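Trainee: The following file, target14.cif, comprises mmCIF, C-alpha atoms and all ligand atoms:
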data_input
loop_
_atom_site.label_atom_id
_atom_site.label_comp_id
_atom_site.auth_asym_id
_atom_site.auth_seq_id
_atom_site.Cartn_x
_atom_site.Cartn_y
_atom_site.Cartn_z
CA MET X 12 191.53 132.25 -18.46
CA GLN X 13 188.67 129.87 -19.15
CA ASP X 14 187.20 127.78 -16.34
CA LEU X 15 188.18 124.29 -17.45
CA GLY X 16 185.92 122.66 -14.86
CA GLU X 17 182.89 124.30 -16.50
CA LEU X 18 184.15 123.35 -19.95
CA GLU X 19 184.48 119.68 -19.03
CA LYS X 20 181.09 119.63 -17.35
CA LYS X 21 179.42 121.20 -20.41
CA TRP X 22 180.79 118.76 -22.99
CA ARG X 23 180.51 115.68 -20.81
CA GLY X 24 176.91 116.60 -20.15
CA ALA X 25 176.29 117.09 -23.86
CA ALA X 26 177.83 113.69 -24.64
CA GLU X 27 175.96 111.85 -21.90
CA THR X 28 172.59 113.21 -22.95
CA ALA X 29 173.02 112.88 -26.73
CA ALA X 30 169.86 111.10 -27.88
CA SER X 31 171.22 109.40 -30.98
CA ALA X 32 174.44 108.44 -32.74
CA GLU X 33 174.00 111.47 -35.01
CA ALA X 34 173.53 113.90 -32.09
CA LEU X 35 176.59 112.40 -30.38
CA GLU X 36 178.68 112.87 -33.51
CA ALA X 37 177.59 116.52 -33.61
CA VAL X 38 178.77 116.94 -30.01
CA ARG X 39 182.13 115.37 -30.91
CA VAL X 40 182.59 117.74 -33.86
CA GLU X 41 181.65 120.80 -31.82
CA ALA X 42 184.01 119.90 -29.00
CA LEU X 43 186.89 117.97 -30.54
CA GLY X 44 186.56 118.46 -34.31
CA LYS X 45 188.92 120.64 -36.32
CA LYS X 46 186.94 123.72 -35.44
CA GLY X 47 185.72 122.41 -32.09
CA GLU X 48 185.88 124.41 -28.89
CA ILE X 49 188.48 122.24 -27.14
CA THR X 50 190.60 122.02 -30.28
CA GLY X 51 190.40 125.80 -30.53
CA LEU X 52 191.77 126.17 -27.01
CA MET X 53 194.58 123.75 -27.82
CA LYS X 54 195.56 126.08 -30.60
CA THR X 55 195.91 129.02 -28.16
CA LEU X 56 198.55 127.18 -26.12
CA GLY X 57 201.33 128.59 -28.29
CA THR X 58 200.45 132.12 -27.27
CA LEU X 59 200.90 131.44 -23.55
CA ALA X 60 203.98 131.92 -21.43
CA PRO X 61 205.96 128.64 -21.04
CA ASP X 62 205.06 127.70 -17.41
CA GLU X 63 201.46 128.76 -17.89
CA ARG X 64 201.36 126.75 -21.11
CA LYS X 65 202.54 123.60 -19.33
CA ASN X 66 200.01 123.88 -16.55
CA PHE X 67 197.08 124.86 -18.76
CA GLY X 68 198.10 122.35 -21.43
CA GLN X 69 198.07 119.47 -18.95
CA GLN X 70 194.67 120.46 -17.60
CA LEU X 71 193.25 120.93 -21.06
CA ASN X 72 194.47 117.47 -22.04
CA LEU X 73 192.70 115.98 -19.04
CA VAL X 74 189.49 117.71 -20.14
CA LYS X 75 189.96 116.43 -23.67
CA ASP X 76 190.47 112.85 -22.40
CA ALA X 77 187.44 113.06 -20.13
CA VAL X 78 185.19 114.32 -22.93
CA THR X 79 186.56 111.68 -25.33
CA THR X 80 185.84 108.95 -22.78
CA ALA X 81 182.33 110.29 -22.21
CA ILE X 82 181.68 110.27 -25.97
CA GLU X 83 183.02 106.71 -26.34
CA SER X 84 180.95 105.35 -23.51
CA ARG X 85 177.81 107.09 -24.77
CA LYS X 86 178.53 105.64 -28.21
CA ALA X 87 178.67 102.13 -26.76
CA THR X 88 175.41 102.64 -24.90
CA LEU X 89 173.65 104.02 -27.98
CA GLY X 90 175.02 101.11 -30.06
CA ASP X 91 173.60 98.54 -27.66
CA ALA X 92 170.29 100.35 -27.66
CA ALA X 93 170.26 100.32 -31.48
CA ILE X 94 170.90 96.57 -31.54
CA ASP X 95 168.20 96.03 -28.94
CA ALA X 96 165.77 98.10 -30.97
CA ARG X 97 166.63 96.12 -34.10
CA LEU X 98 166.21 92.84 -32.31
CA GLN X 99 162.83 94.00 -31.10
CA SER X 100 161.64 95.21 -34.47
CA GLU X 101 162.94 92.20 -36.39
CA ARG X 102 161.64 89.67 -33.91
CA LEU X 103 159.79 86.67 -35.38
CA ASP X 104 156.90 85.37 -33.34
CA LEU X 105 157.30 81.65 -33.80
CA THR X 106 154.14 81.00 -31.85
CA LEU X 107 152.00 82.65 -34.50
CA PRO X 108 149.96 80.04 -36.41
CA ALA X 109 151.28 79.19 -39.90
CA ARG X 110 149.22 80.13 -42.90
CA PRO X 111 148.92 76.77 -44.65
CA GLU X 112 146.98 78.28 -47.54
CA ALA X 113 150.07 80.27 -48.46
CA LEU X 114 152.31 77.19 -48.55
CA GLY X 115 152.76 74.47 -51.16
CA LYS X 116 150.41 71.51 -51.38
CA ILE X 117 150.97 67.80 -50.84
CA HIS X 118 150.60 65.77 -54.05
CA PRO X 119 147.63 63.36 -54.03
CA ILE X 120 150.01 60.43 -54.53
CA SER X 121 151.97 61.34 -51.40
CA GLN X 122 148.76 61.88 -49.48
CA THR X 123 147.34 58.55 -50.61
CA ILE X 124 150.53 56.71 -49.64
CA ASP X 125 150.39 58.36 -46.21
CA GLU X 126 146.79 57.25 -45.81
CA ILE X 127 147.60 53.67 -46.81
CA ILE X 128 150.50 53.61 -44.34
CA ALA X 129 148.27 55.04 -41.60
CA ILE X 130 145.60 52.36 -42.07
CA PHE X 131 147.95 49.38 -42.36
CA GLY X 132 150.16 50.84 -39.62
CA GLU X 133 147.17 50.68 -37.32
CA MET X 134 146.85 46.97 -38.18
CA GLY X 135 150.48 46.40 -37.22
CA PHE X 136 152.11 46.46 -40.67
CA GLY X 137 155.62 47.85 -41.15
CA VAL X 138 156.80 49.67 -44.28
CA ARG X 139 159.54 48.26 -46.53
CA GLU X 140 161.17 49.69 -49.63
CA GLY X 141 163.27 48.23 -52.43
CA PRO X 142 165.28 49.46 -55.43
CA ASP X 143 163.57 50.82 -58.57
CA ILE X 144 166.20 49.07 -60.69
CA GLU X 145 165.83 45.34 -60.13
CA ASP X 146 167.48 42.16 -61.29
CA ASP X 147 165.68 39.43 -63.14
CA PHE X 148 165.55 37.17 -60.10
CA HIS X 149 163.70 39.57 -57.80
CA ASN X 150 161.37 41.07 -60.42
CA PHE X 151 160.47 37.78 -62.17
CA GLU X 152 162.23 34.52 -61.36
CA ALA X 153 161.61 34.36 -57.60
CA LEU X 154 157.99 35.31 -58.21
CA ASN X 155 157.45 32.24 -60.36
CA ILE X 156 157.22 34.22 -63.57
CA PRO X 157 158.81 31.83 -66.07
CA LYS X 158 161.12 32.96 -68.86
CA ASP X 159 158.40 32.81 -71.54
CA HIS X 160 155.76 34.68 -69.51
CA PRO X 161 154.12 37.56 -71.44
CA ALA X 162 154.99 40.03 -68.67
CA ARG X 163 158.63 39.60 -69.62
CA GLN X 164 158.27 40.70 -73.20
CA MET X 165 159.82 43.87 -74.42
CA GLN X 166 156.56 45.77 -74.78
CA ASP X 167 155.93 45.68 -71.04
CA THR X 168 159.30 45.93 -69.40
CA PHE X 169 161.95 48.64 -69.53
CA TYR X 170 165.27 46.82 -69.86
CA LEU X 171 168.64 48.36 -69.09
CA PRO X 172 171.58 47.71 -71.47
CA ALA X 173 172.99 44.18 -71.10
CA LYS X 174 175.91 43.63 -68.74
CA GLU X 175 179.04 41.73 -69.78
CA ASP X 176 177.54 38.41 -68.74
CA GLY X 177 174.50 39.15 -70.92
CA SER X 178 172.12 39.72 -67.99
CA GLN X 179 169.88 42.76 -68.01
CA MET X 180 168.58 44.79 -65.10
CA VAL X 181 165.01 46.09 -65.39
CA LEU X 182 162.98 49.00 -64.05
CA ARG X 183 160.76 47.04 -61.68
CA THR X 184 157.39 46.35 -63.27
CA HIS X 185 155.66 45.94 -59.89
CA THR X 186 156.38 46.26 -56.17
CA SER X 187 156.28 42.47 -55.72
CA PRO X 188 160.12 42.19 -55.74
CA VAL X 189 160.04 43.93 -52.37
CA GLN X 190 158.10 41.01 -50.91
CA VAL X 191 160.86 38.72 -52.19
CA ARG X 192 163.54 40.88 -50.56
CA THR X 193 161.61 40.99 -47.30
CA MET X 194 161.21 37.19 -47.13
CA GLN X 195 164.91 36.78 -47.91
CA ASN X 196 165.95 39.18 -45.18
CA GLU X 197 163.50 38.78 -42.32
CA PRO X 198 162.32 35.71 -40.45
CA PRO X 199 158.51 35.27 -40.17
CA PRO X 200 156.15 36.42 -38.82
CA ILE X 201 156.12 39.08 -41.54
CA ARG X 202 153.54 41.84 -41.88
CA VAL X 203 154.63 44.57 -44.28
CA ILE X 204 153.45 46.95 -46.97
CA CYS X 205 155.79 48.18 -49.71
CA PRO X 206 154.75 51.36 -51.50
CA GLY X 207 156.83 52.68 -54.38
CA ARG X 208 157.36 53.57 -58.03
CA THR X 209 156.87 51.02 -60.79
CA TYR X 210 157.48 51.19 -64.53
CA ARG X 211 155.93 49.74 -67.67
CA VAL X 212 156.13 50.53 -71.38
CA ASP X 213 152.63 51.92 -71.57
CA SER X 214 151.14 55.40 -71.96
CA ASP X 215 147.54 56.53 -72.47
CA MET X 216 144.57 58.01 -70.54
CA THR X 217 144.78 55.28 -67.92
CA HIS X 218 148.45 54.24 -68.12
CA SER X 219 151.65 56.11 -67.37
CA PRO X 220 155.15 54.64 -67.95
CA MET X 221 155.88 55.42 -64.31
CA PHE X 222 153.21 54.79 -61.73
CA HIS X 223 152.90 53.66 -58.11
CA GLN X 224 151.90 50.47 -56.41
CA VAL X 225 151.66 49.22 -52.89
CA GLU X 226 152.44 45.62 -52.12
CA GLY X 227 151.29 43.81 -49.00
CA LEU X 228 152.74 40.64 -47.49
CA VAL X 229 151.75 38.61 -44.44
CA ILE X 230 153.61 35.40 -43.61
CA ASP X 231 153.42 33.14 -40.59
CA GLN X 232 152.44 29.57 -39.81
CA ALA X 233 148.66 29.73 -39.83
CA THR X 234 147.64 32.71 -41.99
CA HIS X 235 144.78 31.79 -44.31
CA MET X 236 142.49 33.29 -46.92
CA GLY X 237 140.02 34.45 -44.25
CA HIS X 238 142.70 36.75 -42.89
CA LEU X 239 143.34 38.06 -46.39
CA LYS X 240 139.65 38.83 -46.84
CA GLY X 241 139.21 40.54 -43.48
CA CYS X 242 142.36 42.58 -43.85
CA LEU X 243 141.50 43.90 -47.32
CA GLN X 244 137.90 44.54 -46.39
CA ASP X 245 138.94 46.61 -43.38
CA PHE X 246 141.45 48.48 -45.49
CA CYS X 247 139.02 49.33 -48.31
CA ARG X 248 136.30 50.48 -45.94
CA ALA X 249 138.71 52.68 -43.99
CA PHE X 250 140.39 54.07 -47.10
CA PHE X 251 137.21 55.02 -48.94
CA GLY X 252 135.50 56.03 -45.71
CA ILE X 253 132.47 53.84 -46.45
CA ASP X 254 131.60 51.56 -43.53
CA ASP X 255 129.41 49.16 -45.48
CA LEU X 256 131.40 49.15 -48.74
CA LYS X 257 130.73 45.87 -50.55
CA LEU X 258 133.71 43.77 -51.65
CA ARG X 259 133.80 40.88 -54.13
CA PHE X 260 136.68 38.41 -54.27
CA ARG X 261 136.76 37.11 -57.83
CA PRO X 262 138.99 34.12 -58.78
CA SER X 263 141.92 35.18 -60.91
CA TYR X 264 145.45 34.19 -61.85
CA PHE X 265 148.88 35.45 -60.82
CA PRO X 266 152.01 33.31 -61.13
CA PHE X 267 153.06 34.18 -57.58
CA THR X 268 149.85 33.30 -55.73
CA GLU X 269 147.69 30.20 -55.46
CA PRO X 270 144.77 30.61 -55.16
CA SER X 271 144.63 34.09 -56.63
CA ALA X 272 141.83 36.64 -56.59
CA GLU X 273 140.97 40.09 -57.76
CA VAL X 274 139.01 42.37 -55.48
CA ASP X 275 136.14 44.47 -56.79
CA ILE X 276 134.31 47.14 -54.83
CA GLY X 277 130.61 47.87 -55.20
CA CYS X 278 129.68 50.96 -57.20
CA ASP X 279 126.94 52.66 -59.15
CA ARG X 280 127.62 53.63 -62.76
CA SER X 281 124.02 54.36 -63.78
CA GLY X 282 124.26 58.15 -63.49
CA ARG X 283 126.85 60.47 -64.99
CA GLU X 284 129.05 60.09 -61.95
CA LEU X 285 130.65 56.96 -60.54
CA LYS X 286 129.38 56.40 -57.00
CA LEU X 287 131.33 54.08 -54.72
CA GLY X 288 129.50 51.95 -52.17
CA GLN X 289 126.14 52.13 -53.98
CA GLY X 290 124.36 50.34 -56.81
CA ASN X 291 124.97 46.92 -58.32
CA ASP X 292 128.11 47.39 -60.38
CA TRP X 293 131.65 46.31 -59.59
CA LEU X 294 135.00 47.98 -60.01
CA GLU X 295 138.29 46.10 -59.84
CA ILE X 296 140.82 47.66 -57.48
CA LEU X 297 143.51 45.13 -56.55
CA GLY X 298 145.07 41.69 -56.99
CA CYS X 299 145.80 39.26 -54.19
CA GLY X 300 146.21 35.64 -53.17
CA MET X 301 147.96 33.08 -51.00
CA VAL X 302 151.71 33.22 -51.62
CA HIS X 303 152.67 30.36 -53.97
CA PRO X 304 154.72 27.59 -52.28
CA LYS X 305 157.33 27.94 -55.03
CA VAL X 306 157.73 31.62 -54.17
CA LEU X 307 158.20 30.81 -50.49
CA LYS X 308 160.84 28.26 -51.45
CA ASN X 309 162.57 30.69 -53.84
CA CYS X 310 162.86 33.13 -50.96
CA GLY X 311 164.34 30.59 -48.56
CA LEU X 312 161.20 29.77 -46.55
CA ASP X 313 159.91 26.24 -45.94
CA PRO X 314 156.42 25.99 -47.54
CA GLU X 315 155.64 23.08 -45.22
CA LYS X 316 156.02 25.40 -42.28
CA TYR X 317 155.05 28.85 -43.51
CA GLN X 318 152.21 30.32 -45.51
CA GLY X 319 150.62 33.67 -46.02
CA PHE X 320 148.98 36.13 -48.33
CA ALA X 321 150.04 38.98 -50.58
CA PHE X 322 148.29 41.73 -52.45
CA GLY X 323 149.16 44.52 -54.85
CA MET X 324 147.29 47.62 -55.87
CA GLY X 325 147.76 50.69 -58.03
CA ILE X 326 148.00 53.87 -56.01
CA GLU X 327 146.99 56.26 -58.81
CA ARG X 328 143.92 54.15 -59.43
CA ILE X 329 142.59 54.26 -55.88
CA ALA X 330 143.54 57.94 -55.56
CA MET X 331 141.58 58.74 -58.75
CA LEU X 332 138.56 56.84 -57.43
CA LYS X 333 138.64 58.41 -53.99
CA TYR X 334 139.30 61.98 -55.07
CA GLY X 335 137.46 62.02 -58.39
CA ILE X 336 140.54 62.74 -60.50
CA PRO X 337 139.55 61.87 -64.08
CA ASP X 338 142.84 61.68 -66.01
CA LEU X 339 145.91 59.74 -64.85
CA ARG X 340 148.33 61.78 -66.92
CA THR X 341 147.57 64.98 -64.99
CA PHE X 342 149.33 63.47 -61.95
CA TYR X 343 152.67 64.12 -63.63
CA ASP X 344 152.03 67.39 -65.49
CA ALA X 345 153.40 69.46 -62.60
CA ASP X 346 150.60 71.95 -63.26
CA LEU X 347 150.33 74.32 -60.31
CA ARG X 348 146.64 74.98 -60.87
CA TRP X 349 146.00 71.24 -60.70
CA MET X 350 148.08 70.99 -57.51
CA ARG X 351 146.16 73.84 -55.90
CA HIS X 352 142.90 72.09 -56.73
CA TYR X 353 143.74 68.47 -55.95
CA GLY X 354 146.64 68.92 -53.50
CA PHE X 355 146.43 68.62 -49.73
CA MET X 356 147.34 70.93 -46.87
CA PRO X 357 150.79 70.16 -45.47
CA LEU X 358 149.36 69.98 -41.97
CA ASP X 359 146.64 67.53 -42.99
CA VAL X 360 148.61 64.46 -41.91
CA PRO X 361 146.35 61.44 -42.20
CA SER X 362 145.94 59.06 -39.28
CA VAL X 363 143.27 56.59 -38.30
CA VAL X 364 142.64 58.23 -34.94
CA GLY X 365 143.18 61.82 -36.09
CA GLY X 366 141.13 61.30 -39.22
CA LEU X 367 141.82 60.25 -42.79
CA THR X 368 141.33 62.62 -45.66
CA ARG X 369 137.77 62.67 -46.92
N1 LIG G 1 152.20 42.36 -58.96
C1 LIG G 1 150.86 42.45 -59.48
C2 LIG G 1 150.80 43.47 -60.59
O1 LIG G 1 151.72 44.18 -60.79
C3 LIG G 1 149.89 42.84 -58.41
C4 LIG G 1 149.73 41.77 -57.41
C5 LIG G 1 148.72 40.84 -57.54
C6 LIG G 1 150.58 41.67 -56.32
C7 LIG G 1 148.56 39.81 -56.63
C8 LIG G 1 150.43 40.67 -55.38
C9 LIG G 1 149.42 39.73 -55.56
O2 LIG G 1 151.23 40.54 -54.33
O3 LIG G 1 149.28 38.75 -54.64
O4 LIG G 1 149.82 43.56 -61.25
#
Taking this structure as input, can you express it in the form of structure tokens?

Mentor:
Amino acid sequence: MQDLGELEKKWRGAAETAASAEALEAVRVEALGKKGEITGLMKTLGTLAPDERKNFGQQLNLVKDAVTTAIESRKATLGDAAIDARLQSERLDLTLPARPEALGKIHPISQTIDEIIAIFGEMGFGVREGPDIEDDFHNFEALNIPKDHPARQMQDTFYLPAKEDGSQMVLRTHTSPVQVRTMQNEPPPIRVICPGRTYRVDSDMTHSPMFHQVEGLVIDQATHMGHLKGCLQDFCRAFFGIDDLKLRFRPSYFPFTEPSAEVDIGCDRSGRELKLGQGNDWLEILGCGMVHPKVLKNCGLDPEKYQGFAFGMGIERIAMLKYGIPDLRTFYDADLRWMRHYGFMPLDVPSVVGGLTR
């Protein structure tokens, strides 16, 4: 008769020391499989005398249970170890530095808007936004643009189909309606910039039917043209990164400002390249003025009490000047090669203290 104690010891030992799930399965087959040693002994039970069979059968069952338990517990241990090993090997080291060169790029328009916000943010301006689809009042009427003004004619403005009452919404032709909305909704003092998309029926080397502007608005009781000048001078010098950039305020006309001016920056056009901040030439970059009393009134402010200035500038235009991008239309071609060349690193977030993009 076989020594069952030895048998149990042998197979439990084999199970407990199996090095892998495969080795453990081999142990199970050899001990408990169809042709396994313990199974083989089970099969001999029938040949034994009845009382011997009972006794040996019980003992053999205990051995079988013990070996089965040992295999199960080893299986659990090996499973945990496998998960641990997988966790180790698939671990992501989140502290490793990113590889920004392998990521996408920030579009120059987004970068330029971020720079503008950083500079004006430093001066205490907030950011406001308005809808791209505007009504006649906000885009024109409130801004003192009368019904027969050329800017209202079909060749400039995208009109939406007429509503039942005959009125037509428009794709905003400038960001100035956002200054109207801000004056309607917020009590002075107001100090905001409003970047966003604008639309005009126009398309060539220097015009795109969709483009971007940023509007600025400052309203309180004593704001004057000197503030306007200082503010825009500081902005232009910070934006272009030229400390002694020359600015010229040239009288102009806008229906919504009085007096109105256009701002030119000094440049040199004598060589093949345009050089900002040098030479004796001028380049127009924005429109501005003191908010017209009628506009203040249209927006619910008392012109006897409040006054202020506004300005508007084209974002593509100043981005092209700063980054030497020659053709406006390429901004919207979605050409990856162009983006790789003119785009910005995602981690290059502009700030006045951290540094603006150069
Ligand atoms: N809205 C003008 C445009 O689209 C730009 C502009 C000029 C805005 C003078 C202003 C301003 O706020 O004061 O061309």

Trainee: Output the neighbourhood of ligand LIG 1 (chain G) as number ranges by chain, that is, all protein and nucleic acid residues with some atom at most 8 Å from the ligand, counting only C-alpha atoms and all ligand atoms.

Mentor: X: 184-187, 190, 224, 226-228, 265, 267-268, 271-273, 297-302, 320-324

Trainee: Just the residues within 12 Å of range 78-87 of chain X, please, counting only C-alpha atoms, with nothing from its chain fewer than 6 positions along; format it as JSON, numbers by chain.

Mentor: {"X": [15, 16, 18, 19, 20, 21, 22, 23, 24, 25, 26, 27, 28, 29, 30, 31, 32, 33, 34, 35, 36, 37, 38, 39, 40, 41, 42, 43, 44, 48, 49, 50, 71, 72, 93, 94]}

Trainee: Please return, as a VMD selection string, all polymer residues that have at least one atom within 12 Å of the point (158.4, 36.0, -47.5); use only C-alpha atoms and the file's own coordinate frame.

Mentor: chain X and resid 153 to 154 187 to 203 227 to 232 267 301 to 314 317 to 321

Trainee: What is the distance, in Å and to one decimal place, between CA of Ile117 in chain X and CA of Phe136 in chain X?

Mentor: 23.7 Å

Trainee: Give the answer as one residue: which of X:Lys333, X:Leu56, X:Gly137, X:Val212 has the shortest atom-to-atom distance to Gln70 in chain X, using only C-alpha atoms?

Mentor: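 Ranking X:Lys333, X:Leu56, X:Gly137, X:Val212 by distance to Gln70 in chain X, first place goes to X:Leu56.
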
Trainee: Just to confirm, what's the straight-line distance from CA of Arg163 in chain X to CA of Arg211 in chain X in Å (one decimal)?

Mentor: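 CA of Arg211 in chain X lies at a distance of 10.7 Å from CA of Arg163 in chain X.
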
Trainee: Calculated over all atoms listed in the file, which of the candidates X:Pro119, X:Asp125, X:Val225, X:Asp275 has the smallest distance to Lys240 in chain X?

Mentor: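 Of the candidates, the smallest distance to Lys240 in chain X is held by X:Asp275.
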
Trainee: Between CA of His218 in chain X and CA of Asp359 in chain X, measure the distance and give it in Å to one decimal.

Mentor: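 CA of His218 in chain X sits 28.5 Å away from CA of Asp359 in chain X.
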
Trainee: Edge lengths and centre in Å to one decimal, as AutoDock Vina command-line options, is what I'm after for the box along x, y and z that holds all listed atoms of range 293-312 of chain X once 3 Å is added on each side.

Mentor:
--center_x 148.0 --center_y 37.8 --center_z -53.3 --size_x 38.7 --size_y 26.4 --size_z 19.5

Trainee: I'd like to know which of X:Met236, X:Val364, X:Leu89, X:Met356 is closest to Ala113 in chain X, using all atoms listed in the file.

Mentor: X:Met356

Trainee: Between X:Val363, X:Ala345, X:Ala173, X:Ile296, single out the one closest to Arg261 in chain X, counting all atoms listed in the file.

Mentor: X:Ile296

Trainee: Could you list, as an mmCIF file with C-alpha atoms, in the frame of the given file, every residue within 10 Å of Thr168 in chain X, counting all atoms listed in the file and ignoring same-chain residues fewer than 3 positions away?

Mentor:
data_model
loop_
_atom_site.group_PDB
_atom_site.id
_atom_site.type_symbol
_atom_site.label_atom_id
_atom_site.label_comp_id
_atom_site.auth_asym_id
_atom_site.auth_seq_id
_atom_site.Cartn_x
_atom_site.Cartn_y
_atom_site.Cartn_z
ATOM 1 C CA ALA X 162 154.990 40.030 -68.670
ATOM 2 C CA ARG X 163 158.630 39.600 -69.620
ATOM 3 C CA GLN X 164 158.270 40.700 -73.200
ATOM 4 C CA MET X 165 159.820 43.870 -74.420
ATOM 5 C CA LEU X 171 168.640 48.360 -69.090
ATOM 6 C CA VAL X 181 165.010 46.090 -65.390
ATOM 7 C CA LEU X 182 162.980 49.000 -64.050
ATOM 8 C CA ARG X 183 160.760 47.040 -61.680
ATOM 9 C CA THR X 184 157.390 46.350 -63.270
ATOM 10 C CA TYR X 210 157.480 51.190 -64.530
ATOM 11 C CA ARG X 211 155.930 49.740 -67.670
ATOM 12 C CA VAL X 212 156.130 50.530 -71.380
ATOM 13 C CA ASP X 213 152.630 51.920 -71.570
ATOM 14 C CA PRO X 220 155.150 54.640 -67.950
#
